[in-house]
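J.: Got a structure here, written out as structure tokens. Questions coming.
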Number of protein chains: 2
Amino acid sequence: MAKQELQREALLESVADHLLAHGLQGASLRPLAAAAGTSDRMLLYYFKDKRELMAEALLLIARRFITLLDASRGEPMPAAQLLPMLAGMIGQPLVKPYMQIWLELVALASRGDETIQPAARKICDAFLGWIGQALDIENKTERLAQAAVLFTFIEGLGVLDAVAGPELPAAAVKAARPLFDPA
Amino acid sequence: MAKQELQREALLESVADHLLAHGLQGASLRPLAAAAGTSDRMLLYYFKDKRELMAEALLLIARRFITLLDASRGEPMPAAQLLPMLAGMIGQPLVKPYMQIWLELVALASRGDETIQPAARKICDAFLGWIGQALDIENKTERLAQAAVLFTFIEGLGVLDAVAGPELPAAAVKAARPLFDPA
DNA sequence: GTTGTTTTGTAGCGAGTGCTACACAAAATG
DNA sequence: CATTTTGTGTAGCACTCGCTACAAAACAAC
């Protein structure tokens, strides 16, 4: 009976790959199945719904993103140093697919789509937690507060990256850095 | 010949209403036409394409957003004061539809959709310009730099508003405010 | 080998998509 | 009034969507 579970996981991996590469928009069963080397018929055999398939694939993507974050964990550093590092991170080609799908999740969540809520929440918590752990501030409430600020700013950078040229985000980072410097 | 132009504008207004209310996702010709009191046949009579219709409707939405911004123009103020005001503004029910459709535009732009680029660019420039004009900083480059920072942060707040509860954005604003205070 | 269960292919349904052909009415133009 | 232009309804095409009915393999258990 583990065979079925194994096949489910394999399908989810392929579907996650396709979603990361081509986005949620227009991700229909037949292309997803083709990417996984099967037919839509089979996807709906292993998953009762398209909704169930998508929800589980998105959770897998969230898990992948978390491992990606954990892989680049280093020594805690001050905010003024962490900011440009994060700004550089979200531009990396390895991270970009996650930012793109993240923006799609945000747009859907804003319209009240509850299918994606678990994955979105997971990614959000993971990213925020990672930033908090990367800050070298002893006072916990102060650290969490700074993490929230940095998180918000990084999210804004993601938006600007998507919609504007590279100059505006770069200027924003350059101008924001001194704000975090120990005054 | 002005009759045709008039009808086009009227249709665009209705389509813009519908898009603001229900989003871009799943906005197909027949519901759009029904919202405008006609048939899909007529939409494609006044607009050669769905793409042309959407592009023009989005530009109208951008114009509406700009007038909305201009209506709430006041005396320039310091950044530490402008930040909570902007944070409150994007939560207003009158502004929220624009934020929702903006997030959809961002997600599409991130995937390289060039149909929406003009509208996205227009909204972006208008918002950034509005923030710059609302800041009372004499030095122009300094003002533009601060505007970029505030803009980025507000975009991040929009994302957080969509995906997280209200506590996280509120905490981010509260923690970010002292950073802008004259040290 | 004969059962019974799990996995898969084929085919298709009903609804929706953007878009078009055709016909006809209304209105402008001579 | 006759004619051309402009506006509109009906019907439908070719396609995609999620999903399902049916049946035949593949495999297991006895």
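Chain labels run A, B, ... following the order of the structure tokens; each chain numbers its residues from 1, and ligands are numbered from 1 in the order shown.
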Residues within 12 Å of DC19 (chain D), please, as number ranges by chain. Count only C-alpha atoms (C1' of nucleotides); anything in the same chain fewer than 4 positions from it doesn't count.
T.: A: 29-30, 40-45, 47-50; C: 12-15
J.: May I have all residues of region 4-168 of chain B that DSSP, computed from the backbone, assigns to alpha helix (DSSP H), given as a ChimeraX atom specification?
T.: /B:4-22,29-36,40-46,50-71,79-89,96-110,117-134,140-163,167-168
J.: Give me the residues near Leu24 (chain B) as a short mmCIF file (atom, residue, chain, number, x, y, z; two decimals) with N, CA, C and O atoms, in the first residue's frame, where near means some atom within 9 Å (using only C-alpha atoms (C1' of nucleotides)) and where sequence neighbours in that chain fewer than 2 positions away do not count.
T.:
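Written file, around.cif:
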```cif
data_model
loop_
_atom_site.label_atom_id
_atom_site.label_comp_id
_atom_site.auth_asym_id
_atom_site.auth_seq_id
_atom_site.Cartn_x
_atom_site.Cartn_y
_atom_site.Cartn_z
N LEU B 19 -14.18 44.64 -13.29
CA LEU B 19 -12.83 44.15 -12.99
C LEU B 19 -12.44 44.52 -11.56
O LEU B 19 -11.86 43.70 -10.84
N LEU B 20 -12.74 45.72 -11.15
CA LEU B 20 -12.42 46.14 -9.79
C LEU B 20 -13.18 45.30 -8.77
O LEU B 20 -12.67 45.02 -7.68
N HIS B 22 -14.50 42.13 -9.26
CA HIS B 22 -14.31 40.68 -9.30
C HIS B 22 -12.93 40.24 -9.72
O HIS B 22 -12.67 39.04 -9.79
N GLY B 26 -10.33 35.05 -14.29
CA GLY B 26 -11.66 34.58 -14.65
C GLY B 26 -12.58 35.64 -15.18
O GLY B 26 -13.80 35.47 -15.17
N ALA B 27 -12.01 36.75 -15.62
CA ALA B 27 -12.84 37.78 -16.25
C ALA B 27 -12.98 37.45 -17.73
O ALA B 27 -12.12 37.79 -18.53
N SER B 28 -14.07 36.79 -18.08
CA SER B 28 -14.27 36.40 -19.47
C SER B 28 -15.30 37.32 -20.12
O SER B 28 -16.02 38.05 -19.46
N MET B 54 -9.09 44.66 -22.43
CA MET B 54 -8.49 44.61 -21.10
C MET B 54 -7.46 45.72 -20.93
O MET B 54 -7.41 46.38 -19.88
N ILE B 101 -6.50 44.47 -7.36
CA ILE B 101 -6.21 44.35 -8.78
C ILE B 101 -4.73 44.65 -9.05
O ILE B 101 -4.12 44.09 -9.98
N GLU B 104 -2.83 41.55 -8.58
CA GLU B 104 -2.97 40.67 -9.75
C GLU B 104 -2.07 41.15 -10.89
O GLU B 104 -1.44 40.34 -11.58
N LEU B 105 -2.01 42.46 -11.07
CA LEU B 105 -1.13 43.00 -12.10
C LEU B 105 0.32 42.65 -11.82
O LEU B 105 1.07 42.30 -12.73
#
```
J.: List the neighbours of DT6 (chain D) out to 12 Å using only C-alpha atoms (C1' of nucleotides); skip same-chain residues closer than 6 positions along the sequence, and give me the result as an MDAnalysis selection string.
T.: (chainID B and resid 1 3:4 45:46) or (chainID C and resid 25:29)
J.: With only C-alpha atoms considered, list every residue of chain A at most 9 Å from chain B, as a PyMOL selection string.
T.: chain A and resi 22-23+25+99-112+117+120-121+124+142+145-164+168-169+171-176+179-180+183
J.: Return the single residue from D:DT4, D:DC13, D:DC27, D:DG18 that is closest to chain A, with distances computed using only C-alpha atoms (C1' of nucleotides).
T.: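 The closest residue to chain A is D:DG18.
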J.: Tell me as a list of chain:residue names which residues belonging to chain C come within 10 Å of chain A, counting only C-alpha atoms (C1' of nucleotides).
T.: C:DT6, C:DT7, C:DT8, C:DG9
